[in-house]
Structures are given as C-alpha cells and as structure tokens.
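One file, my_file-v1.cif, carrying mmCIF, C-alpha atoms:
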data_run
#
loop_
_atom_site.group_PDB
_atom_site.id
_atom_site.type_symbol
_atom_site.label_atom_id
_atom_site.label_comp_id
_atom_site.auth_asym_id
_atom_site.auth_seq_id
_atom_site.Cartn_x
_atom_site.Cartn_y
_atom_site.Cartn_z
ATOM 1 C CA MET K 27 113.381 116.430 95.656
ATOM 2 C CA LYS K 28 110.632 118.903 94.809
ATOM 3 C CA THR K 29 109.789 121.486 97.420
ATOM 4 C CA LEU K 30 106.292 122.307 98.553
ATOM 5 C CA PRO K 31 105.925 125.466 96.406
ATOM 6 C CA GLU K 32 106.862 123.466 93.306
ATOM 7 C CA ARG K 33 104.367 120.747 94.181
ATOM 8 C CA VAL K 34 101.483 122.959 95.318
ATOM 9 C CA HIS K 35 99.761 122.716 91.901
ATOM 10 C CA LEU K 36 99.846 118.929 92.033
ATOM 11 C CA ILE K 37 98.548 118.910 95.613
ATOM 12 C CA ALA K 38 95.753 121.346 94.708
ATOM 13 C CA ALA K 39 94.796 119.218 91.708
ATOM 14 C CA TRP K 40 94.560 116.056 93.811
ATOM 15 C CA LEU K 41 92.522 117.777 96.526
ATOM 16 C CA VAL K 42 90.108 119.298 94.008
ATOM 17 C CA ARG K 43 89.723 116.033 92.121
ATOM 18 C CA THR K 44 89.046 114.260 95.418
ATOM 19 C CA GLU K 45 86.219 116.720 95.986
ATOM 20 C CA ALA K 46 84.962 116.072 92.456
ATOM 21 C CA LEU K 47 84.953 112.338 93.142
ATOM 22 C CA PHE K 48 83.031 112.943 96.363
ATOM 23 C CA LEU K 49 80.394 114.923 94.447
ATOM 24 C CA PHE K 50 80.109 112.175 91.804
ATOM 25 C CA VAL K 51 79.680 109.509 94.488
ATOM 26 C CA LEU K 52 77.106 111.577 96.367
ATOM 27 C CA GLY K 53 75.172 112.296 93.155
ATOM 28 C CA THR K 54 75.229 108.617 92.181
ATOM 29 C CA TYR K 55 74.074 107.638 95.673
ATOM 30 C CA LEU K 56 71.145 110.062 95.461
ATOM 31 C CA LEU K 57 70.262 108.774 91.994
ATOM 32 C CA VAL K 58 70.223 105.134 93.123
ATOM 33 C CA ARG K 59 68.389 106.019 96.335
ATOM 34 C CA THR K 60 65.779 107.950 94.342
ATOM 35 C CA MET K 61 65.215 105.054 91.942
ATOM 36 C CA THR K 62 64.905 102.468 94.720
ATOM 37 C CA SER K 63 62.615 104.320 97.132
ATOM 38 C CA SER K 64 59.640 106.617 97.128
ATOM 39 C CA VAL K 65 60.448 110.310 96.968
ATOM 40 C CA GLU K 66 58.062 113.111 97.890
ATOM 41 C CA GLU K 67 59.889 115.994 96.225
ATOM 42 C CA LEU K 68 61.217 114.408 93.032
ATOM 43 C CA ASP K 69 61.962 117.711 91.273
ATOM 44 C CA ALA K 70 64.124 118.913 94.198
ATOM 45 C CA VAL K 71 66.063 115.641 94.290
ATOM 46 C CA ILE K 72 66.649 115.726 90.530
ATOM 47 C CA ALA K 73 67.926 119.310 90.856
ATOM 48 C CA GLU K 74 70.321 118.197 93.620
ATOM 49 C CA ILE K 75 71.599 115.300 91.510
ATOM 50 C CA VAL K 76 72.184 117.556 88.487
ATOM 51 C CA PHE K 77 73.904 120.167 90.696
ATOM 52 C CA LEU K 78 76.194 117.538 92.251
ATOM 53 C CA LEU K 79 77.146 115.982 88.911
ATOM 54 C CA LEU K 80 77.767 119.341 87.207
ATOM 55 C CA GLY K 81 79.737 120.504 90.241
ATOM 56 C CA GLY K 82 81.836 117.346 90.040
ATOM 57 C CA VAL K 83 82.549 117.948 86.369
ATOM 58 C CA GLY K 84 83.472 121.561 87.096
ATOM 59 C CA LEU K 85 85.854 120.621 89.898
ATOM 60 C CA PHE K 86 87.403 117.882 87.773
ATOM 61 C CA PHE K 87 88.287 120.458 85.112
ATOM 62 C CA ALA K 88 89.449 122.880 87.796
ATOM 63 C CA GLY K 89 91.905 120.184 88.852
ATOM 64 C CA ARG K 90 93.060 120.008 85.252
ATOM 65 C CA GLY K 91 93.746 123.720 85.380
ATOM 66 C CA PHE K 92 95.987 123.272 88.406
ATOM 67 C CA LEU K 93 97.904 120.498 86.660
ATOM 68 C CA GLN K 94 98.501 122.793 83.680
ATOM 69 C CA HIS K 95 99.556 125.664 85.986
ATOM 70 C CA ARG K 96 96.665 127.730 84.620
ATOM 71 C CA ASN K 97 94.482 130.201 86.457
ATOM 72 C CA TYR K 98 91.006 129.023 85.416
ATOM 73 C CA GLY K 99 90.716 126.410 88.176
ATOM 74 C CA ARG K 100 91.188 128.747 91.108
ATOM 75 C CA GLY K 101 87.885 130.641 91.008
ATOM 76 C CA PRO K 102 85.578 127.610 90.954
ATOM 77 C CA THR K 103 87.727 125.896 93.577
ATOM 78 C CA VAL K 104 87.594 128.868 95.930
ATOM 79 C CA LEU K 105 83.832 129.224 95.459
ATOM 80 C CA ALA K 106 83.143 125.503 95.955
ATOM 81 C CA ASN K 107 85.214 125.376 99.121
ATOM 82 C CA LEU K 108 83.612 128.479 100.591
ATOM 83 C CA ILE K 109 80.250 126.787 100.006
ATOM 84 C CA ALA K 110 81.599 123.584 101.592
ATOM 85 C CA MET K 111 82.731 125.546 104.647
ATOM 86 C CA GLY K 112 79.216 126.949 104.981
ATOM 87 C CA VAL K 113 77.770 123.452 104.722
ATOM 88 C CA ALA K 114 80.242 122.280 107.367
ATOM 89 C CA TYR K 115 79.133 125.084 109.692
ATOM 90 C CA TYR K 116 75.496 124.050 109.410
ATOM 91 C CA MET K 117 76.413 120.396 109.939
ATOM 92 C CA ILE K 118 78.224 121.308 113.142
ATOM 93 C CA ASP K 119 75.284 123.492 114.160
ATOM 94 C CA GLY K 120 72.964 120.555 113.417
ATOM 95 C CA GLU K 121 74.902 118.283 115.800
ATOM 96 C CA ARG K 122 76.793 116.385 113.106
ATOM 97 C CA VAL K 123 80.079 117.602 114.507
ATOM 98 C CA LEU K 124 82.435 114.912 113.162
ATOM 99 C CA LEU K 125 81.117 115.179 109.614
ATOM 100 C CA GLY K 126 81.106 118.983 109.750
ATOM 101 C CA VAL K 127 84.674 119.202 111.080
ATOM 102 C CA THR K 128 85.885 116.696 108.467
ATOM 103 C CA ILE K 129 84.272 118.533 105.550
ATOM 104 C CA GLY K 130 85.246 121.932 106.898
ATOM 105 C CA GLY K 131 88.853 120.900 107.489
ATOM 106 C CA PHE K 132 89.211 119.391 104.026
ATOM 107 C CA ALA K 133 87.609 122.468 102.471
ATOM 108 C CA LEU K 134 89.944 124.792 104.381
ATOM 109 C CA VAL K 135 93.053 122.860 103.325
ATOM 110 C CA THR K 136 91.885 122.771 99.700
ATOM 111 C CA LEU K 137 91.019 126.476 99.773
ATOM 112 C CA CYS K 138 94.441 127.439 101.129
ATOM 113 C CA THR K 139 96.211 125.179 98.641
ATOM 114 C CA ALA K 140 94.218 126.611 95.731
ATOM 115 C CA LEU K 141 95.081 130.140 96.789
ATOM 116 C CA ALA K 142 98.754 129.188 97.115
ATOM 117 C CA ALA K 143 98.868 127.674 93.610
ATOM 118 C CA ILE K 144 99.768 130.813 91.697
ATOM 119 C CA PRO K 145 100.379 130.215 87.978
ATOM 120 C CA LYS K 146 103.854 130.924 86.649
ATOM 121 C CA SER K 147 102.527 133.559 84.246
ATOM 122 C CA ALA K 148 100.930 135.595 87.048
ATOM 123 C CA GLY K 149 104.013 137.767 87.471
ATOM 124 C CA GLY K 150 103.800 139.076 83.919
ATOM 125 C CA ASN K 151 106.879 137.192 82.785
ATOM 126 C CA SER K 152 105.220 135.206 80.014
ATOM 127 C CA HIS K 153 102.463 136.588 77.795
ATOM 128 C CA HIS K 154 101.431 134.244 75.062
ATOM 129 C CA GLY K 155 100.030 135.740 71.922
ATOM 130 C CA THR K 156 100.968 139.348 72.620
ATOM 131 C CA SER K 157 103.718 141.436 71.175
ATOM 132 C CA PRO K 158 105.874 143.821 73.214
#
Would you mind writing the structure in this file as structure tokens?
Amino acid sequence: MKTLPERVHLIAAWLVRTEALFLFVLGTYLLVRTMTSSVEELDAVIAEIVFLLLGGVGLFFAGRGFLQHRNYGRGPTVLANLIAMGVAYYMIDGERVLLGVTIGGFALVTLCTALAAIPKSAGGNSHHGTSP
C-alpha cells in the first residue's frame, strides 16, 4: 500500500486537473450563454472566456507536471489557488457563503497538496545533464 507522501503527486495532479475541468466548464458555459443571449459588454465577456480557457489549459499541464514529479506545475498551481481563495473571500463577503466556502476549501486543500508535492530531484540527489 502506498503511503500519503508517495501518493501526494497523484493527489495534487487530480485536484489540479479537477480545477482545470471546472475552468473549462465555466468557460464553455459563458461561451454558450454569450451566444444565446444579449450581452452588453461583449469584449469583457470574451476576455473572461479566453482567460478561463487558457487558465484551464495551464492547470491541465500543471497536473501533468505533478504526475511526472516535476517542479513546473507548482508555481501556477499555487498562484491559481491563491487567486481562488481571494475569489472565495469575495463570494463569502457577497453573501454567497456556501459557494465561497466550497471554492475556498477546495483551493486550500489543493494549495497545501501542491506545496507538499516536492519533486524527488529537489534534494540535489539527481541532476540530469550536468557533470560532477
């Protein structure tokens, strides 16, 4: 049986890819909603859709980094989840408590898991492409 430290990369990858899926779904929803209704600020909505879809792609590849035990997925994951925690705060402040607590809790768990997923090469024990 694998212990939690051995599985933390897999857990981080699944959490980050769940966030990526959420961003894809939200971006698709906004796209469909924009095409089926009248929009006053079309340029702002298009910018939101592009931001959500690019963010989803970025988080998807960050999840790939966790699966490969690489370091490149941690930075974008930490940044995205700090932003999500800020969004959750404003949702709670705006009286959408359940949604804010759900997003904030998921972001906090993902943030902690991403920070715990330290690549094996971080201790200096394996340097690829360098000579001693």
Reference answer for the PyMOL selection byres ((chain K and resi 136) around 10), as a short mmCIF file (atom, residue, chain, number, x, y, z; two decimals) with C-alpha atoms, in the frame of the given file:
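New file part.cif:
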data_model
loop_
_atom_site.label_atom_id
_atom_site.label_comp_id
_atom_site.auth_asym_id
_atom_site.auth_seq_id
_atom_site.Cartn_x
_atom_site.Cartn_y
_atom_site.Cartn_z
CA ILE K 37 98.55 118.91 95.61
CA ALA K 38 95.75 121.35 94.71
CA ALA K 39 94.80 119.22 91.71
CA TRP K 40 94.56 116.06 93.81
CA LEU K 41 92.52 117.78 96.53
CA VAL K 42 90.11 119.30 94.01
CA THR K 44 89.05 114.26 95.42
CA GLU K 45 86.22 116.72 95.99
CA THR K 103 87.73 125.90 93.58
CA VAL K 104 87.59 128.87 95.93
CA ALA K 106 83.14 125.50 95.96
CA ASN K 107 85.21 125.38 99.12
CA GLY K 130 85.25 121.93 106.90
CA GLY K 131 88.85 120.90 107.49
CA PHE K 132 89.21 119.39 104.03
CA ALA K 133 87.61 122.47 102.47
CA LEU K 134 89.94 124.79 104.38
CA VAL K 135 93.05 122.86 103.32
CA LEU K 137 91.02 126.48 99.77
CA CYS K 138 94.44 127.44 101.13
CA THR K 139 96.21 125.18 98.64
CA ALA K 140 94.22 126.61 95.73
CA LEU K 141 95.08 130.14 96.79
CA ALA K 142 98.75 129.19 97.12
#
Q: Mind giving me the straight-line distance from atom CA of Glu32 of chain K to atom CA of Gly99 of chain K in Å, one decimal?
A: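 Between these atoms lies a distance of 17.2 Å.
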Q | Point-to-point distance in Å for atom CA of Gly82 of chain K and atom CA of Pro145 of chain K | A |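 Taking atom CA of Pro145 of chain K as the start and atom CA of Gly82 of chain K as the end point, the length is 22.7 Å.
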Q: Would you work out the distance separating atom CA of Val83 of chain K from atom CA of Gly101 of chain K, expressed in Å to one decimal?
A: 14.5 Å
Identify the residues within 10 Å of coordinate (83.1, 117.2, 108.0) (same frame as the file), considering only C-alpha atoms, and give the answer as a PDB file with C-alpha atoms, keeping the file's coordinate frame.
ATOM      1  CA  ALA K 110      81.599 123.584 101.592  1.00  0.00           C
ATOM      2  CA  MET K 111      82.731 125.546 104.647  1.00  0.00           C
ATOM      3  CA  VAL K 113      77.770 123.452 104.722  1.00  0.00           C
ATOM      4  CA  ALA K 114      80.242 122.280 107.367  1.00  0.00           C
ATOM      5  CA  TYR K 115      79.133 125.084 109.692  1.00  0.00           C
ATOM      6  CA  MET K 117      76.413 120.396 109.939  1.00  0.00           C
ATOM      7  CA  ILE K 118      78.224 121.308 113.142  1.00  0.00           C
ATOM      8  CA  ARG K 122      76.793 116.385 113.106  1.00  0.00           C
ATOM      9  CA  VAL K 123      80.079 117.602 114.507  1.00  0.00           C
ATOM     10  CA  LEU K 124      82.435 114.912 113.162  1.00  0.00           C
ATOM     11  CA  LEU K 125      81.117 115.179 109.614  1.00  0.00           C
ATOM     12  CA  GLY K 126      81.106 118.983 109.750  1.00  0.00           C
ATOM     13  CA  VAL K 127      84.674 119.202 111.080  1.00  0.00           C
ATOM     14  CA  THR K 128      85.885 116.696 108.467  1.00  0.00           C
ATOM     15  CA  ILE K 129      84.272 118.533 105.550  1.00  0.00           C
ATOM     16  CA  GLY K 130      85.246 121.932 106.898  1.00  0.00           C
ATOM     17  CA  GLY K 131      88.853 120.900 107.489  1.00  0.00           C
ATOM     18  CA  PHE K 132      89.211 119.391 104.026  1.00  0.00           C
ATOM     19  CA  ALA K 133      87.609 122.468 102.471  1.00  0.00           C
TER      20      ALA K 133
END
(Q) Counting only C-alpha atoms, which residue out of K:Leu105, K:Ala143, K:Leu93, K:Leu85 sits closest to Arg43 of chain K? (A)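 The answer is K:Leu85, which sits nearest to Arg43 of chain K.
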Q) For Arg90 of chain K, which of K:Met61, K:Leu36, K:Val71, K:Ile144 is the closest residue, counting only C-alpha atoms? A)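 For Arg90 of chain K, the nearest of the candidates is K:Leu36.
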(Q) I need the residue nearest Gly84 of chain K from this list: K:Leu108, K:Leu47, K:Val34, K:Leu52. Use only C-alpha atoms for the distance. (A)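 With only C-alpha atoms as the atom set, the closest residue is K:Leu47.
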Q) Nearest to Arg100 of chain K among K:His35, K:Phe77, K:Glu121, K:Val51, with distances taken over all atoms listed in the file: which residue is it? A)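 Of K:His35, K:Phe77, K:Glu121, K:Val51, the one nearest Arg100 of chain K, counting all atoms listed in the file, is K:His35.
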(Q) Measuring between all atoms listed in the file, which one of K:Ala88, K:Leu78, K:Val65, K:Ile109 shows the shortest distance to Phe48 of chain K? (A)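 Looking at the shortest contact to Phe48 of chain K, the residue is K:Leu78.
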Padding 3 Å on every side, please: axis-aligned box over the listed atoms of segment 58-76 of chain K, centre and edge lengths to one decimal in Å, as AutoDock Vina command-line options.
--center_x 65.1 --center_y 110.9 --center_z 93.2 --size_x 20.1 --size_y 22.8 --size_z 15.4
List the residues selected by the PyMOL selection byres ((chain K and resi 72) around 12) in the file shown, writing them as a PDB file with C-alpha atoms, keeping the file's coordinate frame.
ATOM      1  CA  GLY K  53      75.172 112.296  93.155  1.00  0.00           C
ATOM      2  CA  THR K  54      75.229 108.617  92.181  1.00  0.00           C
ATOM      3  CA  LEU K  56      71.145 110.062  95.461  1.00  0.00           C
ATOM      4  CA  LEU K  57      70.262 108.774  91.994  1.00  0.00           C
ATOM      5  CA  VAL K  58      70.223 105.134  93.123  1.00  0.00           C
ATOM      6  CA  ARG K  59      68.389 106.019  96.335  1.00  0.00           C
ATOM      7  CA  THR K  60      65.779 107.950  94.342  1.00  0.00           C
ATOM      8  CA  MET K  61      65.215 105.054  91.942  1.00  0.00           C
ATOM      9  CA  VAL K  65      60.448 110.310  96.968  1.00  0.00           C
ATOM     10  CA  GLU K  66      58.062 113.111  97.890  1.00  0.00           C
ATOM     11  CA  GLU K  67      59.889 115.994  96.225  1.00  0.00           C
ATOM     12  CA  LEU K  68      61.217 114.408  93.032  1.00  0.00           C
ATOM     13  CA  ASP K  69      61.962 117.711  91.273  1.00  0.00           C
ATOM     14  CA  ALA K  70      64.124 118.913  94.198  1.00  0.00           C
ATOM     15  CA  VAL K  71      66.063 115.641  94.290  1.00  0.00           C
ATOM     16  CA  ALA K  73      67.926 119.310  90.856  1.00  0.00           C
ATOM     17  CA  GLU K  74      70.321 118.197  93.620  1.00  0.00           C
ATOM     18  CA  ILE K  75      71.599 115.300  91.510  1.00  0.00           C
ATOM     19  CA  VAL K  76      72.184 117.556  88.487  1.00  0.00           C
ATOM     20  CA  PHE K  77      73.904 120.167  90.696  1.00  0.00           C
ATOM     21  CA  LEU K  78      76.194 117.538  92.251  1.00  0.00           C
ATOM     22  CA  LEU K  79      77.146 115.982  88.911  1.00  0.00           C
TER      23      LEU K  79
END
